[in-house]
>>> print(open('query_38.pdb').read())   # PDB, C-alpha atoms
ATOM      1  CA  MET A   1       9.280 -11.439   8.189
ATOM      2  CA  LEU A   2       9.074  -7.787   7.207
ATOM      3  CA  LYS A   3      11.278  -5.023   8.515
ATOM      4  CA  TYR A   4      10.439  -1.340   8.523
ATOM      5  CA  VAL A   5      12.939   1.482   8.461
ATOM      6  CA  ASP A   6      10.931   4.597   9.202
ATOM      7  CA  VAL A   7       7.485   6.147   9.113
ATOM      8  CA  ALA A   8       6.039   9.478   8.001
ATOM      9  CA  ILE A   9       2.685  11.197   8.018
ATOM     10  CA  THR A  10       1.857  12.408   4.508
ATOM     11  CA  PHE A  11      -0.978  14.022   2.592
ATOM     12  CA  ALA A  12       0.383  13.048  -0.834
ATOM     13  CA  GLU A  13       0.694   9.246  -0.956
ATOM     14  CA  VAL A  14      -3.043   8.463  -0.749
ATOM     15  CA  PRO A  15      -5.472  11.036  -2.173
ATOM     16  CA  ASP A  16      -7.788  12.630   0.390
ATOM     17  CA  GLU A  17      -6.224  10.765   3.331
ATOM     18  CA  ILE A  18      -3.900  11.612   6.221
ATOM     19  CA  THR A  19      -1.601   8.652   5.842
ATOM     20  CA  LEU A  20       0.852   6.899   8.106
ATOM     21  CA  CYS A  21       3.413   5.644   5.579
ATOM     22  CA  ILE A  22       5.532   2.731   6.754
ATOM     23  CA  ASN A  23       8.692   2.201   4.699
ATOM     24  CA  ILE A  24       9.403  -1.512   4.338
ATOM     25  CA  SER A  25      12.971  -2.650   3.607
ATOM     26  CA  ASN A  26      14.424  -5.579   1.660
ATOM     27  CA  CYS A  27      12.744  -4.518  -1.600
ATOM     28  CA  PRO A  28      13.469  -7.036  -4.362
ATOM     29  CA  CYS A  29      12.444  -4.725  -7.237
ATOM     30  CA  TYR A  30      15.631  -2.629  -7.678
ATOM     31  CA  CYS A  31      13.963   0.035  -9.816
ATOM     32  CA  GLU A  32      16.550   2.233 -11.542
ATOM     33  CA  GLY A  33      16.307   5.767 -10.184
ATOM     34  CA  CYS A  34      14.254   4.774  -7.136
ATOM     35  CA  HIS A  35      13.987   7.695  -4.692
ATOM     36  CA  SER A  36      14.183   5.243  -1.764
ATOM     37  CA  SER A  37      16.917   2.899  -2.976
ATOM     38  CA  TYR A  38      18.096   2.362   0.619
ATOM     39  CA  LEU A  39      14.937   0.263   1.093
ATOM     40  CA  ALA A  40      16.510  -2.469  -1.050
ATOM     41  CA  GLU A  41      18.797  -3.242   1.901
ATOM     42  CA  ASP A  42      17.870  -5.721   4.634
ATOM     43  CA  ILE A  43      17.706  -3.079   7.372
ATOM     44  CA  GLY A  44      15.367  -1.855  10.078
ATOM     45  CA  ASP A  45      13.248  -3.425  12.787
ATOM     46  CA  ILE A  46      10.805  -6.305  12.489
ATOM     47  CA  LEU A  47       7.265  -5.084  11.903
ATOM     48  CA  TYR A  48       5.177  -7.136  14.300
ATOM     49  CA  VAL A  49       1.432  -6.586  14.644
ATOM     50  CA  SER A  50       2.137  -5.165  18.118
ATOM     51  CA  THR A  51       4.611  -2.689  16.596
ATOM     52  CA  LEU A  52       2.050  -1.720  13.991
ATOM     53  CA  ASN A  53      -0.542  -1.126  16.720
ATOM     54  CA  GLN A  54       1.911   1.118  18.599
ATOM     55  CA  LEU A  55       2.634   3.146  15.459
ATOM     56  CA  ILE A  56      -1.078   3.631  14.845
ATOM     57  CA  PHE A  57      -1.708   4.565  18.490
ATOM     58  CA  LYS A  58       1.144   7.114  18.487
ATOM     59  CA  ASN A  59      -0.181   8.806  15.363
ATOM     60  CA  LYS A  60      -3.702   9.876  16.282
ATOM     61  CA  GLY A  61      -5.555  11.719  13.539
ATOM     62  CA  ILE A  62      -4.434   9.502  10.674
ATOM     63  CA  THR A  63      -7.119   8.152   8.364
ATOM     64  CA  CYS A  64      -5.019   5.610   6.468
ATOM     65  CA  VAL A  65      -2.017   3.300   6.850
ATOM     66  CA  ALA A  66       0.160   2.687   3.777
ATOM     67  CA  PHE A  67       2.751  -0.043   3.471
ATOM     68  CA  MET A  68       5.434   1.403   1.214
ATOM     69  CA  GLY A  69       6.922  -1.771  -0.209
ATOM     70  CA  GLY A  70       6.826  -5.278   1.119
ATOM     71  CA  ASP A  71       7.181  -7.097  -2.184
ATOM     72  CA  SER A  72       9.619  -9.472  -0.496
ATOM     73  CA  ASP A  73       6.725 -10.920   1.555
ATOM     74  CA  PRO A  74       3.213 -10.038   0.270
ATOM     75  CA  PHE A  75       1.705 -12.714   2.511
ATOM     76  CA  GLU A  76       2.926 -10.797   5.576
ATOM     77  CA  ILE A  77       1.657  -7.488   4.122
ATOM     78  CA  ASN A  78      -1.756  -9.150   3.886
ATOM     79  CA  VAL A  79      -1.521 -10.389   7.510
ATOM     80  CA  LEU A  80      -0.683  -6.879   8.738
ATOM     81  CA  ALA A  81      -3.450  -5.320   6.646
ATOM     82  CA  LYS A  82      -5.956  -7.802   8.068
ATOM     83  CA  ALA A  83      -4.879  -6.870  11.606
ATOM     84  CA  ILE A  84      -5.620  -3.226  10.829
ATOM     85  CA  ARG A  85      -8.925  -4.105   9.146
ATOM     86  CA  ASP A  86     -10.037  -6.252  12.093
ATOM     87  CA  ASN A  87      -9.180  -3.681  14.778
ATOM     88  CA  THR A  88      -9.628  -0.177  13.331
ATOM     89  CA  ASP A  89     -11.689   1.917  10.943
ATOM     90  CA  LEU A  90      -8.562   3.114   9.127
ATOM     91  CA  LYS A  91      -8.161   2.844   5.372
ATOM     92  CA  ILE A  92      -5.353   0.554   4.211
ATOM     93  CA  CYS A  93      -3.024   0.968   1.239
ATOM     94  CA  TRP A  94      -0.191  -1.048  -0.269
ATOM     95  CA  TYR A  95       2.456   0.372  -2.605
ATOM     96  CA  SER A  96       3.829  -2.535  -4.626
ATOM     97  CA  GLY A  97       6.590  -2.261  -7.191
ATOM     98  CA  ARG A  98       5.261  -5.278  -9.055
ATOM     99  CA  GLN A  99       3.275  -4.998 -12.270
ATOM    100  CA  GLU A 100       0.535  -7.350 -11.084
ATOM    101  CA  LEU A 101      -1.135  -7.971  -7.755
ATOM    102  CA  ASP A 102       0.416 -10.858  -5.826
ATOM    103  CA  LYS A 103      -1.821 -13.900  -5.273
ATOM    104  CA  ASN A 104      -1.265 -13.616  -1.497
ATOM    105  CA  ILE A 105      -3.099 -10.279  -1.357
ATOM    106  CA  ASP A 106      -6.761 -10.479  -0.367
ATOM    107  CA  LEU A 107      -8.439  -7.300  -1.572
ATOM    108  CA  LYS A 108     -10.931  -7.343   1.297
ATOM    109  CA  ASN A 109      -8.060  -6.125   3.511
ATOM    110  CA  PHE A 110      -7.266  -3.068   1.371
ATOM    111  CA  ASP A 111      -8.826   0.190   0.252
ATOM    112  CA  TYR A 112      -6.036   1.266  -2.101
ATOM    113  CA  ILE A 113      -3.350  -0.538  -4.121
ATOM    114  CA  LYS A 114      -0.472   0.983  -6.111
ATOM    115  CA  LEU A 115       1.059  -1.269  -8.756
ATOM    116  CA  GLY A 116       3.989  -0.850 -11.073
ATOM    117  CA  PRO A 117       7.737  -0.442 -10.895
ATOM    118  CA  TYR A 118       9.275   2.993 -11.084
ATOM    119  CA  ILE A 119      10.518   3.556 -14.643
ATOM    120  CA  LYS A 120      12.655   6.678 -14.760
ATOM    121  CA  GLU A 121      11.664   7.649 -18.317
ATOM    122  CA  LYS A 122       7.961   7.433 -17.478
ATOM    123  CA  GLY A 123       8.134   9.238 -14.145
ATOM    124  CA  PRO A 124       6.366   8.835 -10.796
ATOM    125  CA  LEU A 125       2.629   8.777 -10.063
ATOM    126  CA  ASN A 126       2.278  12.553 -10.387
ATOM    127  CA  LYS A 127       3.333  12.501 -14.059
ATOM    128  CA  ILE A 128       0.685  11.787 -16.686
ATOM    129  CA  THR A 129       3.266   9.601 -18.490
ATOM    130  CA  THR A 130       3.697   7.214 -15.528
ATOM    131  CA  ASN A 131       3.367   3.478 -15.982
ATOM    132  CA  GLN A 132       2.409   3.097 -12.306
ATOM    133  CA  ARG A 133      -1.258   2.798 -11.398
ATOM    134  CA  PHE A 134      -3.047   3.739  -8.199
ATOM    135  CA  TYR A 135      -6.317   1.914  -7.565
ATOM    136  CA  LYS A 136      -9.193   2.351  -5.184
ATOM    137  CA  VAL A 137     -10.596  -1.031  -4.136
ATOM    138  CA  LEU A 138     -14.351  -1.059  -4.604
ATOM    139  CA  HIS A 139     -16.226  -3.521  -2.419
ATOM    140  CA  THR A 140     -19.550  -4.476  -3.995
ATOM    141  CA  LYS A 141     -22.161  -7.068  -3.064
ATOM    142  CA  GLU A 142     -23.822  -9.444  -5.458
ATOM    143  CA  ILE A 143     -27.489  -9.297  -4.588
ATOM    144  CA  SER A 144     -28.203 -12.821  -5.839
ATOM    145  CA  ASP A 145     -25.932 -14.706  -3.449
ATOM    146  CA  ASP A 146     -24.538 -12.126  -0.997
ATOM    147  CA  ARG A 147     -20.954 -12.544  -2.257
ATOM    148  CA  VAL A 148     -18.636  -9.572  -1.994
ATOM    149  CA  LEU A 149     -16.861  -8.716  -5.223
ATOM    150  CA  TYR A 150     -13.808  -6.488  -5.534
ATOM    151  CA  LYS A 151     -13.040  -4.197  -8.411
ATOM    152  CA  LEU A 152     -10.005  -1.973  -8.873
ATOM    153  CA  GLU A 153     -10.873   1.550  -9.993
ATOM    154  CA  ASP A 154      -7.917   3.406 -11.501
ATOM    155  CA  ILE A 155      -7.653   6.780  -9.721
ATOM    156  CA  THR A 156      -4.096   7.592 -10.789
ATOM    157  CA  TYR A 157      -5.409  10.839 -12.300
ATOM    158  CA  LYS A 158      -5.845  12.229  -8.763
ATOM    159  CA  PHE A 159      -2.048  12.639  -8.564
ATOM    160  CA  TRP A 160      -1.872  14.753 -11.736
ATOM    161  CA  LYS A 161      -1.985  18.514 -11.562
TER     162      LYS A 161
END
>>> encode(input="query_38.pdb", output="structure tokens")
Amino acid sequence: MLKYVDVAITFAEVPDEITLCINISNCPCYCEGCHSSYLAEDIGDILYVSTLNQLIFKNKGITCVAFMGGDSDPFEINVLAKAIRDNTDLKICWYSGRQELDKNIDLKNFDYIKLGPYIKEKGPLNKITTNQRFYKVLHTKEISDDRVLYKLEDITYKFWK
């Protein structure tokens, strides 16, 4: 069960999108120097699908929803992303502090994925030295058997000035 602490509309977390960022608490990553270290605490309100729908409804004009964290329960992040995918035309993003994508994440429910812990010496996404990677999920069809394949395209460079 995921809890969220707060939300914000941003233009910086997902390139070219007006994004509703939902800060998820109970982060298990404990990155040294994290700018949102309070999200490691088990605080906030439960993020039900109905709550998510209300947040989306209240924030007309957004083009994307980003889950900022949720590494404590990637399965639930996937459930919430699927609810958005099934009921809206919004883009969906997940910011994970893990180095690799969790097996509970089905890429068909996402348009963007950020992977990698914050490492103070390497800097955040907007530094060319960052270890973190921001990917656009490409959905392609195999002509031979109509399967959908997913490829992650690294677009981290879009954060660099």
>>> resolve_selection(input="query_38.pdb", expression="the PyMOL selection byres ((chain A and resi 122-135) around 8)", output="list in words")
Tyr112, Ile113, Lys114, Leu115, Gly116, Pro117, Tyr118, Ile119, Lys120, Glu121, Lys136, Val137, Leu152, Glu153, Asp154, Ile155, Thr156, Tyr157, Phe159, Trp160 and Lys161 of chain A
>>> write_last_selection(input="query_38.pdb", atoms="C-alpha atoms", output="PDB file, keeping the file's coordinate frame")
ATOM      1  CA  TYR A 112      -6.036   1.266  -2.101  1.00  0.00           C
ATOM      2  CA  ILE A 113      -3.350  -0.538  -4.121  1.00  0.00           C
ATOM      3  CA  LYS A 114      -0.472   0.983  -6.111  1.00  0.00           C
ATOM      4  CA  LEU A 115       1.059  -1.269  -8.756  1.00  0.00           C
ATOM      5  CA  GLY A 116       3.989  -0.850 -11.073  1.00  0.00           C
ATOM      6  CA  PRO A 117       7.737  -0.442 -10.895  1.00  0.00           C
ATOM      7  CA  TYR A 118       9.275   2.993 -11.084  1.00  0.00           C
ATOM      8  CA  ILE A 119      10.518   3.556 -14.643  1.00  0.00           C
ATOM      9  CA  LYS A 120      12.655   6.678 -14.760  1.00  0.00           C
ATOM     10  CA  GLU A 121      11.664   7.649 -18.317  1.00  0.00           C
ATOM     11  CA  LYS A 136      -9.193   2.351  -5.184  1.00  0.00           C
ATOM     12  CA  VAL A 137     -10.596  -1.031  -4.136  1.00  0.00           C
ATOM     13  CA  LEU A 152     -10.005  -1.973  -8.873  1.00  0.00           C
ATOM     14  CA  GLU A 153     -10.873   1.550  -9.993  1.00  0.00           C
ATOM     15  CA  ASP A 154      -7.917   3.406 -11.501  1.00  0.00           C
ATOM     16  CA  ILE A 155      -7.653   6.780  -9.721  1.00  0.00           C
ATOM     17  CA  THR A 156      -4.096   7.592 -10.789  1.00  0.00           C
ATOM     18  CA  TYR A 157      -5.409  10.839 -12.300  1.00  0.00           C
ATOM     19  CA  PHE A 159      -2.048  12.639  -8.564  1.00  0.00           C
ATOM     20  CA  TRP A 160      -1.872  14.753 -11.736  1.00  0.00           C
ATOM     21  CA  LYS A 161      -1.985  18.514 -11.562  1.00  0.00           C
TER      22      LYS A 161
END
>>> closest_residue(input="query_38.pdb", among="A:Phe75, A:Leu101, A:Leu90, A:Cys64", to="A:Asp16", atoms="all atoms listed in the file")
A:Cys64
>>> atom_distance(input="query_38.pdb", atom1="atom CA of A:Ser37", atom2="atom CA of A:Asn78")
23.3 Å
>>> closest_residue(input="query_38.pdb", among="A:Asp89, A:Glu100, A:Asp42, A:Asp6", to="A:Ile62", atoms="all atoms listed in the file")
A:Asp89
>>> closest_residue(input="query_38.pdb", among="A:Cys29, A:Ile84, A:Cys34, A:Ala12", to="A:Leu55", atoms="all atoms listed in the file")
A:Ile84
>>> closest_residue(input="query_38.pdb", among="A:Met1, A:Ile56, A:Ile22, A:Val49", to="A:Thr88", atoms="all atoms listed in the file")
A:Ile56
>>> atom_distance(input="query_38.pdb", atom1="atom CA of A:Leu39", atom2="atom CA of A:Phe11")
21.1 Å
>>> atom_distance(input="query_38.pdb", atom1="atom CA of A:Asn26", atom2="atom CA of A:Gly44")
9.3 Å
>>> closest_residue(input="query_38.pdb", among="A:Ser72, A:Leu20, A:Glu13, A:Lys103", to="A:Ala40", atoms="only C-alpha atoms")
A:Ser72
>>> closest_residue(input="query_38.pdb", among="A:Asn104, A:Thr51, A:Ser96, A:Asn59", to="A:Lys3", atoms="all atoms listed in the file")
A:Thr51
>>> residues_around(input="query_38.pdb", residues="A:Pro28", least_positions_apart="5", cutoff="10 Å", atoms="all atoms listed in the file", output="PyMOL selection string")
chain A and resi 39-41+69-73+97-98
>>> axis_aligned_box(input="query_38.pdb", around="stretch 1-9 of chain A", padding_each_side="6 Å", output="lines of an AutoDock Vina configuration file")
center_x = 7.8
center_y = -0.1
center_z = 8.2
size_x = 22.3
size_y = 34.6
size_z = 14.0
>>> resolve_selection(input="query_38.pdb", expression="the PyMOL selection byres ((chain A and resi 92) around 9)", output="ChimeraX atom specification")
/A:63-67,81,84-85,90-91,93-94,109-113
>>> decode(input="query_38.pdb", residues="stretch 13-40 of chain A", atoms="C-alpha atoms", output="short mmCIF file (atom, residue, chain, number, x, y, z; two decimals), in the first residue's frame")
data_model
loop_
_atom_site.label_atom_id
_atom_site.label_comp_id
_atom_site.auth_asym_id
_atom_site.auth_seq_id
_atom_site.Cartn_x
_atom_site.Cartn_y
_atom_site.Cartn_z
CA GLU A 13 10.58 16.48 -14.20
CA VAL A 14 9.46 15.13 -17.59
CA PRO A 15 10.77 16.88 -20.72
CA ASP A 16 8.09 18.55 -22.84
CA GLU A 17 5.27 17.65 -20.44
CA ILE A 18 3.12 19.48 -17.89
CA THR A 19 3.45 16.95 -15.11
CA LEU A 20 1.49 16.16 -11.99
CA CYS A 21 4.24 14.87 -9.70
CA ILE A 22 3.05 12.68 -6.84
CA ASN A 23 5.59 12.28 -4.04
CA ILE A 24 5.45 8.76 -2.64
CA SER A 25 6.70 8.13 0.91
CA ASN A 26 8.38 5.15 2.59
CA CYS A 27 11.34 5.20 0.19
CA PRO A 28 13.72 2.32 0.95
CA CYS A 29 16.67 3.76 -1.02
CA TYR A 30 18.13 6.23 1.53
CA CYS A 31 20.29 8.06 -1.01
CA GLU A 32 22.88 10.26 0.72
CA GLY A 33 22.13 13.90 -0.02
CA CYS A 34 18.60 13.23 -1.27
CA HIS A 35 16.69 16.51 -1.72
CA SER A 36 13.49 14.80 -0.51
CA SER A 37 14.83 12.77 2.41
CA TYR A 38 11.52 13.21 4.27
CA LEU A 39 10.04 10.74 1.76
CA ALA A 40 11.96 7.94 3.48
#
